[in-house]
file target_12.txt (compact mmCIF, C-alpha atoms and all ligand atoms)
# COMPACT_ATOMS: atom_id res chain seq x y z
CA MET K 27 93.62 -173.35 169.68
CA THR K 28 94.74 -170.55 167.26
CA LYS K 29 92.66 -170.32 164.10
CA ARG K 30 94.17 -170.39 160.60
CA ALA K 31 94.02 -167.12 158.67
CA VAL K 32 94.75 -166.24 155.05
CA LEU K 33 95.82 -162.96 153.46
CA ALA K 34 94.86 -162.93 149.77
CA LEU K 35 95.93 -160.09 147.44
CA ALA K 36 94.01 -158.97 144.37
CA ASP K 37 96.81 -160.26 142.12
CA GLY K 38 96.28 -163.81 143.41
CA THR K 39 99.25 -163.88 145.79
CA THR K 40 98.28 -165.47 149.12
CA PHE K 41 99.90 -165.80 152.56
CA GLU K 42 99.01 -168.34 155.22
CA GLY K 43 99.14 -167.41 158.89
CA ARG K 44 97.37 -167.53 162.25
CA ALA K 45 94.42 -165.36 163.26
CA PHE K 46 94.61 -162.74 166.00
CA GLY K 47 92.31 -159.92 167.02
CA ALA K 48 88.73 -160.36 165.84
CA SER K 49 87.55 -163.33 163.77
CA GLY K 50 85.98 -162.72 160.39
CA GLU K 51 87.07 -160.99 157.21
CA THR K 52 88.38 -157.54 156.33
CA VAL K 53 89.21 -155.95 152.98
CA GLY K 54 91.41 -152.94 152.31
CA GLU K 55 94.46 -151.58 150.54
CA VAL K 56 97.47 -153.59 151.81
CA VAL K 57 100.33 -151.22 152.71
CA PHE K 58 103.47 -151.57 154.83
CA ASN K 59 105.03 -149.46 157.57
CA THR K 60 108.74 -149.82 158.40
CA SER K 61 108.57 -148.29 161.91
CA MET K 62 110.11 -150.52 164.56
CA TYR K 63 107.76 -149.27 167.28
CA GLY K 64 104.56 -147.27 167.78
CA TYR K 65 102.11 -149.81 166.34
CA GLN K 66 99.25 -148.40 168.47
CA GLU K 67 99.80 -144.82 167.20
CA ILE K 68 99.91 -146.30 163.69
CA LEU K 69 96.75 -148.42 164.04
CA THR K 70 94.74 -145.52 165.50
CA ASP K 71 95.88 -142.93 162.91
CA PRO K 72 92.66 -142.18 160.95
CA SER K 73 94.81 -141.89 157.78
CA TYR K 74 94.70 -145.71 157.71
CA VAL K 75 90.92 -145.90 157.10
CA GLY K 76 90.37 -148.52 154.38
CA GLN K 77 93.89 -149.94 154.75
CA ILE K 78 95.41 -153.19 156.06
CA VAL K 79 98.79 -152.29 157.58
CA THR K 80 101.71 -154.70 157.40
CA MET K 81 104.47 -154.09 159.95
CA ALA K 82 107.85 -154.75 158.29
CA TYR K 83 109.57 -155.09 161.69
CA PRO K 84 109.00 -158.69 162.80
CA GLU K 85 108.21 -158.48 166.54
CA MET K 86 104.88 -156.81 167.38
CA GLY K 87 102.81 -156.66 170.59
CA ASN K 88 105.80 -156.42 172.95
CA ILE K 89 104.44 -153.32 174.73
CA GLY K 90 100.78 -154.37 174.74
CA ALA K 91 98.19 -151.62 174.30
CA ASN K 92 97.00 -148.67 176.38
CA ALA K 93 94.62 -145.71 176.02
CA ALA K 94 97.35 -143.03 176.30
CA ASP K 95 99.08 -144.04 173.06
CA GLU K 96 96.01 -143.70 170.86
CA GLU K 97 95.86 -141.00 168.13
CA ALA K 98 92.09 -141.45 167.93
CA GLY K 99 89.49 -143.34 169.97
CA LEU K 100 89.86 -146.62 168.05
CA PRO K 101 92.07 -148.44 165.53
CA HIS K 102 91.11 -147.05 162.10
CA ALA K 103 93.28 -149.50 160.13
CA VAL K 104 90.89 -152.26 159.03
CA GLY K 105 93.43 -155.06 159.49
CA MET K 106 97.00 -155.85 160.59
CA VAL K 107 99.65 -158.22 159.26
CA VAL K 108 102.63 -159.17 161.42
CA ARG K 109 105.47 -161.70 161.42
CA SER K 110 105.52 -162.62 165.10
CA LEU K 111 102.94 -161.50 167.66
CA THR K 112 103.93 -161.31 171.32
CA LYS K 113 101.04 -162.44 173.52
CA THR K 114 102.84 -161.64 176.77
CA PRO K 115 103.70 -157.90 176.68
CA SER K 116 106.41 -156.59 178.96
CA ASN K 117 105.60 -152.93 179.69
CA TRP K 118 104.37 -151.26 182.92
CA ARG K 119 102.07 -149.02 180.81
CA SER K 120 100.33 -151.98 179.10
CA GLN K 121 96.59 -152.28 179.84
CA GLU K 122 95.86 -155.20 177.48
CA THR K 123 97.50 -157.32 174.80
CA LEU K 124 97.50 -156.18 171.18
CA ASP K 125 95.46 -159.33 170.40
CA ALA K 126 92.75 -158.37 172.94
CA TYR K 127 92.83 -154.69 171.85
CA LEU K 128 92.13 -155.54 168.21
CA ALA K 129 89.52 -158.16 169.16
CA ARG K 130 87.72 -155.57 171.35
CA HIS K 131 87.56 -153.20 168.37
CA GLY K 132 86.55 -155.88 165.85
CA ARG K 133 89.76 -155.62 163.85
CA VAL K 134 91.10 -158.75 162.11
CA GLY K 135 94.81 -159.61 162.31
CA ILE K 136 97.02 -162.29 160.84
CA GLU K 137 100.40 -163.27 162.27
CA GLY K 138 103.06 -165.76 161.30
CA VAL K 139 103.16 -164.26 157.82
CA ASP K 140 106.39 -164.01 155.82
CA THR K 141 106.18 -160.21 155.97
CA ARG K 142 109.56 -159.85 154.32
CA ARG K 143 108.18 -161.61 151.20
CA LEU K 144 104.96 -159.56 151.42
CA VAL K 145 106.78 -156.19 151.72
CA ARG K 146 109.11 -157.04 148.84
CA HIS K 147 106.05 -158.04 146.78
CA LEU K 148 104.29 -154.72 147.52
CA ARG K 149 107.46 -152.75 146.74
CA THR K 150 107.84 -154.60 143.42
CA HIS K 151 104.21 -154.69 142.28
CA GLY K 152 102.74 -151.77 144.25
CA ALA K 153 100.20 -151.48 147.05
CA GLN K 154 97.02 -153.38 146.21
CA THR K 155 93.72 -154.50 147.67
CA GLY K 156 93.73 -157.58 149.87
CA ILE K 157 91.52 -159.57 152.22
CA ILE K 158 92.35 -161.17 155.56
CA SER K 159 89.99 -164.03 156.37
CA THR K 160 89.78 -166.33 159.38
CA GLU K 161 86.83 -168.13 157.81
CA ASN K 162 87.33 -171.32 155.86
CA VAL K 163 87.29 -169.73 152.41
CA SER K 164 89.58 -170.75 149.54
CA PRO K 165 92.45 -168.31 148.83
CA GLY K 166 91.36 -168.18 145.19
CA ALA K 167 87.85 -167.02 146.13
CA LEU K 168 89.34 -164.43 148.49
CA SER K 169 91.61 -163.04 145.77
CA GLU K 170 88.58 -162.79 143.51
CA ARG K 171 86.81 -160.72 146.16
CA ALA K 172 89.89 -158.54 146.66
CA ARG K 173 90.00 -157.91 142.89
CA ALA K 174 86.33 -156.87 142.91
CA ALA K 175 86.81 -154.42 145.81
CA ALA K 176 87.24 -150.68 145.05
CA GLY K 177 90.78 -149.24 145.10
CA MET K 178 91.93 -146.17 147.03
CA GLU K 179 91.94 -143.78 144.03
CA GLY K 180 88.84 -141.57 143.89
CA MET K 181 87.85 -142.49 147.44
CA ASP K 182 86.73 -139.61 149.71
CA LEU K 183 87.40 -141.28 153.09
CA ALA K 184 88.10 -138.02 154.95
CA THR K 185 84.50 -136.81 154.98
CA GLY K 186 83.35 -140.03 156.65
CA VAL K 187 85.96 -139.92 159.43
CA SER K 188 85.71 -136.16 160.15
CA CYS K 189 84.08 -134.92 163.35
CA LYS K 190 80.35 -134.21 163.10
CA GLU K 191 80.36 -130.97 165.13
CA PRO K 192 83.03 -128.35 165.97
CA TYR K 193 84.78 -128.69 169.35
CA VAL K 194 87.50 -126.78 171.22
CA PHE K 195 90.81 -128.48 172.13
CA THR K 196 93.25 -126.95 174.64
CA THR K 197 95.19 -129.96 176.01
CA PRO K 198 99.00 -129.70 175.73
CA SER K 199 101.16 -132.70 174.90
CA PRO K 200 101.86 -135.07 177.82
CA ASP K 201 104.92 -134.40 179.94
CA VAL K 202 106.50 -137.69 178.88
CA PHE K 203 109.88 -136.07 178.25
CA LEU K 204 110.14 -134.49 181.70
CA ALA K 205 111.67 -135.92 184.85
CA PRO K 206 109.06 -137.26 187.30
CA GLY K 207 107.60 -134.38 189.28
CA ASP K 208 108.72 -131.77 186.77
CA LYS K 209 105.87 -129.79 185.27
CA ARG K 210 105.90 -127.53 182.26
CA PRO K 211 104.14 -124.19 182.65
CA GLU K 212 100.70 -124.23 180.97
CA PRO K 213 101.15 -122.60 177.51
CA GLU K 214 99.58 -119.14 177.13
CA LEU K 215 96.94 -119.64 174.41
CA LYS K 216 97.48 -116.58 172.22
CA TYR K 217 96.29 -117.86 168.84
CA ASP K 218 92.79 -118.92 167.84
CA VAL K 219 93.27 -121.65 165.23
CA ILE K 220 90.63 -123.45 163.18
CA ALA K 221 91.73 -127.04 162.49
CA TYR K 222 90.05 -128.96 159.66
CA ASP K 223 89.46 -132.55 160.76
CA TYR K 224 90.06 -134.71 157.69
CA GLY K 225 91.01 -137.58 160.01
CA LEU K 226 93.36 -135.79 162.37
CA LYS K 227 95.76 -137.32 164.88
CA ARG K 228 95.38 -136.19 168.51
CA SER K 229 99.08 -135.35 168.95
CA MET K 230 98.88 -132.71 166.20
CA LEU K 231 96.32 -130.83 168.28
CA GLN K 232 98.48 -131.21 171.40
CA TYR K 233 101.53 -129.73 169.62
CA LEU K 234 99.43 -126.82 168.36
CA VAL K 235 98.38 -126.12 171.96
CA ASP K 236 102.04 -126.40 173.06
CA VAL K 237 102.90 -123.43 170.79
CA GLY K 238 100.03 -121.32 172.14
CA CYS K 239 97.02 -122.27 170.02
CA ARG K 240 93.46 -122.53 171.26
CA VAL K 241 92.19 -124.98 168.65
CA THR K 242 88.64 -125.17 167.32
CA VAL K 243 88.34 -128.43 165.39
CA VAL K 244 85.78 -128.29 162.58
CA PRO K 245 84.26 -130.87 160.21
CA SER K 246 85.74 -131.18 156.71
CA HIS K 247 82.65 -129.53 155.16
CA PHE K 248 83.01 -126.28 157.22
CA THR K 249 82.88 -123.41 154.67
CA ALA K 250 85.46 -120.67 154.21
CA GLU K 251 82.79 -118.13 155.20
CA GLN K 252 82.16 -120.00 158.48
CA VAL K 253 85.91 -120.03 159.15
CA LEU K 254 86.46 -116.32 158.36
CA ALA K 255 83.43 -115.36 160.47
CA LYS K 256 85.36 -116.71 163.50
CA LYS K 257 88.29 -114.37 162.68
CA PRO K 258 90.99 -116.99 163.48
CA HIS K 259 94.70 -116.16 163.70
CA GLY K 260 95.37 -119.25 161.57
CA VAL K 261 93.94 -122.34 159.87
CA PHE K 262 95.39 -125.86 160.22
CA LEU K 263 94.76 -128.55 157.59
CA ALA K 264 95.21 -132.02 159.14
CA ASN K 265 96.14 -135.43 157.84
CA GLY K 266 93.55 -137.96 156.69
CA PRO K 267 92.70 -141.05 154.65
CA GLY K 268 91.86 -141.63 151.03
CA ASP K 269 92.43 -139.71 147.82
CA PRO K 270 93.06 -135.98 148.44
CA ALA K 271 91.47 -135.06 145.10
CA ALA K 272 88.23 -136.76 146.19
CA VAL K 273 87.65 -134.83 149.46
CA LYS K 274 84.39 -133.06 148.72
CA GLY K 275 84.90 -129.30 148.22
CA ALA K 276 88.09 -129.14 150.30
CA ASP K 277 90.28 -127.61 147.55
CA ARG K 278 87.75 -124.86 146.80
CA THR K 279 87.34 -124.05 150.50
CA VAL K 280 91.11 -123.83 151.07
CA ALA K 281 91.50 -121.72 147.90
CA ALA K 282 89.01 -119.24 149.41
CA LEU K 283 91.08 -119.08 152.61
CA LEU K 284 94.60 -118.75 151.15
CA GLY K 285 95.87 -115.17 151.42
CA LYS K 286 93.22 -114.22 153.97
CA VAL K 287 94.68 -116.05 156.97
CA PRO K 288 97.92 -117.99 157.70
CA VAL K 289 97.54 -121.69 156.78
CA PHE K 290 99.61 -124.73 157.86
CA GLY K 291 98.94 -128.15 156.32
CA ILE K 292 100.20 -131.66 157.14
CA CYS K 293 100.01 -134.70 154.84
CA LEU K 294 96.46 -134.76 153.43
CA GLY K 295 96.29 -131.07 154.39
CA HIS K 296 99.45 -130.49 152.34
CA GLN K 297 97.94 -132.28 149.34
CA ILE K 298 94.67 -130.32 149.59
CA MET K 299 96.63 -127.07 149.79
CA ALA K 300 98.49 -128.04 146.59
CA LEU K 301 95.16 -128.82 144.88
CA ALA K 302 93.75 -125.48 146.12
CA LEU K 303 96.71 -123.75 144.45
CA GLY K 304 95.92 -125.49 141.16
CA GLY K 305 98.49 -128.26 141.63
CA ARG K 306 97.97 -131.98 141.04
CA THR K 307 98.31 -135.07 143.22
CA TYR K 308 99.00 -138.64 142.11
CA LYS K 309 98.98 -142.16 143.58
CA MET K 310 102.46 -143.49 144.45
CA LYS K 311 103.46 -147.10 143.82
CA PHE K 312 103.58 -148.03 147.51
CA GLY K 313 103.94 -144.72 149.37
CA HIS K 314 106.08 -143.77 152.35
CA ARG K 315 105.16 -145.22 155.77
CA GLY K 316 107.72 -145.36 158.53
CA GLY K 317 109.95 -143.31 160.81
CA ASN K 318 113.23 -142.96 158.93
CA GLN K 319 112.54 -141.07 155.70
CA PRO K 320 115.27 -138.46 155.03
CA VAL K 321 113.87 -135.07 153.96
CA LYS K 322 115.99 -132.11 152.91
CA ASP K 323 114.92 -128.57 153.78
CA LEU K 324 115.88 -126.75 150.56
CA THR K 325 115.98 -123.41 152.40
CA THR K 326 118.56 -124.42 155.03
CA GLY K 327 120.11 -127.51 153.40
CA LYS K 328 119.42 -129.40 156.65
CA VAL K 329 118.24 -133.01 156.50
CA GLU K 330 115.46 -134.16 158.84
CA ILE K 331 114.67 -137.78 159.58
CA THR K 332 110.89 -137.89 159.36
CA ALA K 333 107.82 -139.90 160.24
CA GLN K 334 105.65 -140.56 157.20
CA ASN K 335 102.40 -142.20 156.22
CA HIS K 336 101.11 -141.41 152.73
CA GLY K 337 100.26 -143.12 149.45
CA PHE K 338 99.61 -140.02 147.36
CA ALA K 339 102.02 -137.18 146.58
CA VAL K 340 102.05 -133.73 144.98
CA ASP K 341 103.34 -133.43 141.41
CA ASP K 342 106.14 -130.84 141.64
CA ALA K 343 105.77 -129.77 137.98
CA SER K 344 102.14 -128.82 138.69
CA LEU K 345 103.29 -126.33 141.37
CA LYS K 346 105.40 -124.20 139.02
CA GLY K 347 104.54 -120.54 139.45
CA LYS K 348 101.99 -121.40 142.17
CA ALA K 349 104.11 -122.39 145.16
CA VAL K 350 107.73 -122.88 146.22
CA VAL K 351 108.84 -126.48 146.84
CA THR K 352 110.59 -126.22 150.22
CA HIS K 353 111.39 -129.87 151.09
CA ILE K 354 112.21 -132.98 149.06
CA ASN K 355 112.51 -136.65 149.95
CA LEU K 356 116.16 -137.76 149.54
CA ASN K 357 115.13 -141.36 148.78
CA ASP K 358 113.02 -140.60 145.71
CA GLY K 359 112.99 -136.82 145.13
CA THR K 360 109.24 -136.47 145.79
CA VAL K 361 107.79 -133.22 147.11
CA GLU K 362 107.79 -133.11 150.93
CA GLY K 363 106.96 -129.45 151.54
CA LEU K 364 105.69 -126.31 149.86
CA ALA K 365 105.18 -122.64 150.73
CA VAL K 366 103.32 -119.62 149.39
CA PRO K 367 105.11 -116.84 151.27
CA ASP K 368 102.78 -114.04 150.11
CA ALA K 369 99.81 -116.03 151.36
CA ARG K 370 101.54 -116.85 154.69
CA ALA K 371 100.90 -120.50 153.91
CA PHE K 372 103.09 -123.60 154.10
CA SER K 373 102.64 -127.36 154.33
CA VAL K 374 104.57 -130.59 154.61
CA GLN K 375 103.82 -134.09 153.31
CA TYR K 376 105.42 -135.76 156.32
CA HIS K 377 104.37 -135.84 159.98
CA PRO K 378 106.18 -133.33 162.25
CA GLU K 379 104.10 -134.59 165.20
CA ALA K 380 105.78 -138.03 164.67
CA SER K 381 103.64 -140.28 166.93
CA PRO K 382 105.44 -142.53 166.26
CA GLY K 383 108.82 -141.44 165.05
CA PRO K 384 111.58 -138.84 165.34
CA HIS K 385 110.90 -135.27 166.48
CA ASP K 386 113.34 -133.57 164.06
CA ALA K 387 110.49 -131.60 162.43
CA ARG K 388 108.60 -130.47 165.51
CA TYR K 389 109.90 -126.90 164.88
CA LEU K 390 107.27 -126.55 162.14
CA PHE K 391 104.56 -126.02 164.78
CA SER K 392 106.58 -123.08 166.17
CA ARG K 393 107.03 -121.78 162.62
CA PHE K 394 103.22 -121.69 162.28
CA ALA K 395 102.94 -119.77 165.58
CA THR K 396 105.57 -117.27 164.40
CA LEU K 397 103.66 -116.81 161.16
CA MET K 398 100.49 -116.01 163.13
CA ALA K 399 102.37 -113.72 165.51
CA GLY K 400 103.54 -111.68 162.55
CA SER K 401 100.04 -111.42 161.04
N1 LIG K 501 98.53 -139.34 156.53
C1 LIG K 501 97.84 -138.72 155.55
O1 LIG K 501 97.33 -137.62 155.74
C2 LIG K 501 97.67 -139.49 154.24
C3 LIG K 501 97.22 -138.60 153.10
C4 LIG K 501 96.63 -139.39 151.95
N2 LIG K 501 95.48 -140.19 152.39
C5 LIG K 501 97.71 -140.30 151.35
O2 LIG K 501 97.65 -141.51 151.54
O3 LIG K 501 98.62 -139.80 150.71

call {"tool": "encode", "arguments": {"input": "target_12.txt", "output": "structure tokens", "more": "lines below"}}
Ligand SMILES: NC(=O)CC[C@H](N)C(=O)O
result
Amino acid sequence: MTKRAVLALADGTTFEGRAFGASGETVGEVVFNTSMYGYQEILTDPSYVGQIVTMAYPEMGNIGANAADEEAGLPHAVGMVVRSLTKTPSNWRSQETLDAYLARHGRVGIEGVDTRRLVRHLRTHGAQTGIISTENVSPGALSERARAAAGMEGMDLATGVSCKEPYVFTTPSPDVFLAPGDKRPEPELKYDVIAYDYGLKRSMLQYLVDVGCRVTVVPSHFTAEQVLAKKPHGVFLANGPGDPAAVKGADRTVAALLGKVPVFGICLGHQIMALALGGRTYKMKFGHRGGNQPVKDLTTGKVEITAQNHGFAVDDASLKGKAVVTHINLNDGTVEGLAVPDARAFSVQYHPEASPGPHDARYLFSRFATLMAGS
């Protein structure tokens, strides 16, 4: 017998539904993602720490869950909201249902929710804290608890999700795009790259290896001196959760690296690079999360359809005289990329590794390799 569940937002808005995944309660910032597929890559992206993710596309669970599609070892999103959950997946790669996968990891889900009403509410009033509860608690009391919970601003969530010790990564991306039996030649690993783990996604590391990087992943607190002592060809600043301005010491560390070694940043890494340059970041109303955001490359005029997952952005006015804005979002004009040519540094707000989403921007990994080759 399926249990009743309630989603209560801090502003008092509540949604009834049915429980799936683990029983219990979870609290986090309620955000929405408009991707039609890739819910396992989304749930396991460490950028979702502290967030309850609503899937705008109604049907979820169709392809079940499997270990190969994970971006990290577990779902980092603290909860999931869906319209209609499939309990009988139809996919030869499925190892378990989405329901069982979330239950195994202690993540609370609610289905049967009017996600269209919820997404429109978040777009109109902004992302906000919410609670999913499968316990018999009144919606009013739950909203009260959501109101009392801390918001995302000022939260350093990257330090907590970063690796504890450095490790080396040399696994290329899977041969999923090749015909059965075809094998790509192993990439020659020519570049030693230090990757800061602020909550990185596994596929980013794989795409760095694909372009010839031998990656040493380091914790977020690794100092600039420790990095430079390893004499890397380049430094990679990964994605991650929380408020970029709150990641302890990250901006000062990156400021000490800029100009000394080529640097490539993605999402949180992009925001930290902007802060290191003296720029400013701000909290967006509801952010960009999905796989169809149009981004214009101001250098070439080309438009890329991009995968995105962020709730903060870089204030373009704060970059004047410090960096060149290289990409903008065609939906709302926000900054999607910057460069400091003299420092051999560039970054993007969106996710060129996709996972999930379109691969229009995968060339940026090769651009980083070319930058290191020229150093
Ligand atoms: N995917 C990310 O790196 C997210 C960056 C940051 N936590 C934001 O929400 O804007």

call {"tool": "residues_near_point", "arguments": {"input": "target_12.txt", "point": "(83.3, -130.3, 161.4)", "cutoff": "10 Å", "atoms": "only C-alpha atoms", "output": "ChimeraX atom specification"}}
result
/K:185,188-193,221-224,242-249

call {"tool": "residues_near_ligand", "arguments": {"input": "target_12.txt", "ligand": "ligand LIG 501 (chain K)", "cutoff": "6 Å", "atoms": "all atoms listed in the file", "output": "PyMOL selection string"}}
result
chain K and resi 73+265-269+293-294+335-339

call {"tool": "residues_around", "arguments": {"input": "target_12.txt", "residues": "segment 113-118 of chain K", "least_positions_apart": "2", "cutoff": "8 Å", "atoms": "all atoms listed in the file", "output": "list in words"}}
result
Gly87, Asn88, Ile89, Gly90, Leu111, Ser120, Thr123, Leu124 and Asp125 of chain K

call {"tool": "atom_distance", "arguments": {"input": "target_12.txt", "atom1": "atom CA of Leu215 of chain K", "atom2": "atom CA of Ile292 of chain K"}}
result
21.3 Å

call {"tool": "residues_around", "arguments": {"input": "target_12.txt", "residues": "Val139 of chain K", "least_positions_apart": "5", "cutoff": "10 Å", "atoms": "only C-alpha atoms", "output": "compact mmCIF listing (two decimals) with C-alpha atoms, in the frame of the given file"}}
result
# COMPACT_ATOMS: atom_id res chain seq x y z
CA ALA K 31 94.02 -167.12 158.67
CA VAL K 32 94.75 -166.24 155.05
CA LEU K 33 95.82 -162.96 153.46
CA PHE K 41 99.90 -165.80 152.56
CA GLU K 42 99.01 -168.34 155.22
CA GLY K 43 99.14 -167.41 158.89
CA ARG K 44 97.37 -167.53 162.25
CA THR K 80 101.71 -154.70 157.40
CA PRO K 84 109.00 -158.69 162.80
CA VAL K 107 99.65 -158.22 159.26
CA VAL K 108 102.63 -159.17 161.42
CA ARG K 109 105.47 -161.70 161.42
CA SER K 110 105.52 -162.62 165.10
CA LEU K 144 104.96 -159.56 151.42

call {"tool": "closest_residue", "arguments": {"input": "target_12.txt", "among": "K:Gly400, K:Gly105, K:Pro206, K:Gly317", "to": "Ala45 of chain K", "atoms": "only C-alpha atoms"}}
result
K:Gly105

call {"tool": "atom_distance", "arguments": {"input": "target_12.txt", "atom1": "atom CA of His259 of chain K", "atom2": "atom CA of Val287 of chain K"}}
result
6.7 Å

call {"tool": "closest_residue", "arguments": {"input": "target_12.txt", "among": "K:Gly295, K:Pro198, K:Gly180, K:Gly50", "to": "Glu214 of chain K", "atoms": "all atoms listed in the file"}}
result
K:Pro198

call {"tool": "closest_residue", "arguments": {"input": "target_12.txt", "among": "K:Asn162, K:Lys257, K:Pro200, K:Asp358", "to": "Ser49 of chain K", "atoms": "only C-alpha atoms"}}
result
K:Asn162

call {"tool": "residues_near_point", "arguments": {"input": "target_12.txt", "point": "(99.5, -155.3, 148.8)", "cutoff": "10 Å", "atoms": "only C-alpha atoms", "output": "PDB file with C-alpha atoms, in the coordinates of the input"}}
result
ATOM      1  CA  LEU K  33      95.820-162.960 153.460  1.00  0.00           C
ATOM      2  CA  ALA K  34      94.860-162.930 149.770  1.00  0.00           C
ATOM      3  CA  LEU K  35      95.930-160.090 147.440  1.00  0.00           C
ATOM      4  CA  ALA K  36      94.010-158.970 144.370  1.00  0.00           C
ATOM      5  CA  ASP K  37      96.810-160.260 142.120  1.00  0.00           C
ATOM      6  CA  THR K  39      99.250-163.880 145.790  1.00  0.00           C
ATOM      7  CA  GLY K  54      91.410-152.940 152.310  1.00  0.00           C
ATOM      8  CA  GLU K  55      94.460-151.580 150.540  1.00  0.00           C
ATOM      9  CA  VAL K  56      97.470-153.590 151.810  1.00  0.00           C
ATOM     10  CA  VAL K  57     100.330-151.220 152.710  1.00  0.00           C
ATOM     11  CA  PHE K  58     103.470-151.570 154.830  1.00  0.00           C
ATOM     12  CA  GLN K  77      93.890-149.940 154.750  1.00  0.00           C
ATOM     13  CA  ILE K  78      95.410-153.190 156.060  1.00  0.00           C
ATOM     14  CA  VAL K  79      98.790-152.290 157.580  1.00  0.00           C
ATOM     15  CA  THR K  80     101.710-154.700 157.400  1.00  0.00           C
ATOM     16  CA  LEU K 144     104.960-159.560 151.420  1.00  0.00           C
ATOM     17  CA  VAL K 145     106.780-156.190 151.720  1.00  0.00           C
ATOM     18  CA  ARG K 146     109.110-157.040 148.840  1.00  0.00           C
ATOM     19  CA  HIS K 147     106.050-158.040 146.780  1.00  0.00           C
ATOM     20  CA  LEU K 148     104.290-154.720 147.520  1.00  0.00           C
ATOM     21  CA  ARG K 149     107.460-152.750 146.740  1.00  0.00           C
ATOM     22  CA  THR K 150     107.840-154.600 143.420  1.00  0.00           C
ATOM     23  CA  HIS K 151     104.210-154.690 142.280  1.00  0.00           C
ATOM     24  CA  GLY K 152     102.740-151.770 144.250  1.00  0.00           C
ATOM     25  CA  ALA K 153     100.200-151.480 147.050  1.00  0.00           C
ATOM     26  CA  GLN K 154      97.020-153.380 146.210  1.00  0.00           C
ATOM     27  CA  THR K 155      93.720-154.500 147.670  1.00  0.00           C
ATOM     28  CA  GLY K 156      93.730-157.580 149.870  1.00  0.00           C
ATOM     29  CA  ILE K 157      91.520-159.570 152.220  1.00  0.00           C
ATOM     30  CA  PHE K 312     103.580-148.030 147.510  1.00  0.00           C
TER      31      PHE K 312
END

call {"tool": "atom_distance", "arguments": {"input": "target_12.txt", "atom1": "atom CA of Pro382 of chain K", "atom2": "atom CA of Gly64 of chain K"}}
result
5.1 Å

call {"tool": "residues_around", "arguments": {"input": "target_12.txt", "residues": "Ile298 of chain K", "least_positions_apart": "6", "cutoff": "8 Å", "atoms": "only C-alpha atoms", "output": "ChimeraX atom specification"}}
result
/K:270-271,276-277,280

call {"tool": "closest_residue", "arguments": {"input": "target_12.txt", "among": "K:Ala369, K:Leu226, K:Ala282, K:Val202", "to": "Ala94 of chain K", "atoms": "only C-alpha atoms"}}
result
K:Val202

call {"tool": "residues_around", "arguments": {"input": "target_12.txt", "residues": "Ile331 of chain K", "least_positions_apart": "4", "cutoff": "7 Å", "atoms": "all atoms listed in the file", "output": "JSON, numbers by chain"}}
result
{"K": [318, 319, 320, 321, 384, 386]}

call {"tool": "closest_residue", "arguments": {"input": "target_12.txt", "among": "K:Thr40, K:Ser159, K:Ser392, K:Asn92", "to": "Tyr65 of chain K", "atoms": "all atoms listed in the file"}}
result
K:Asn92

call {"tool": "closest_residue", "arguments": {"input": "target_12.txt", "among": "K:Ala272, K:Val329, K:Gly313, K:Thr196", "to": "Asp236 of chain K", "atoms": "all atoms listed in the file"}}
result
K:Thr196

call {"tool": "residues_around", "arguments": {"input": "target_12.txt", "residues": "Gly305 of chain K", "least_positions_apart": "6", "cutoff": "12 Å", "atoms": "only C-alpha atoms", "output": "NGL selection string"}}
result
:K and (270-271 or 277 or 281 or 296-299 or 339-351 or 361 or 364)
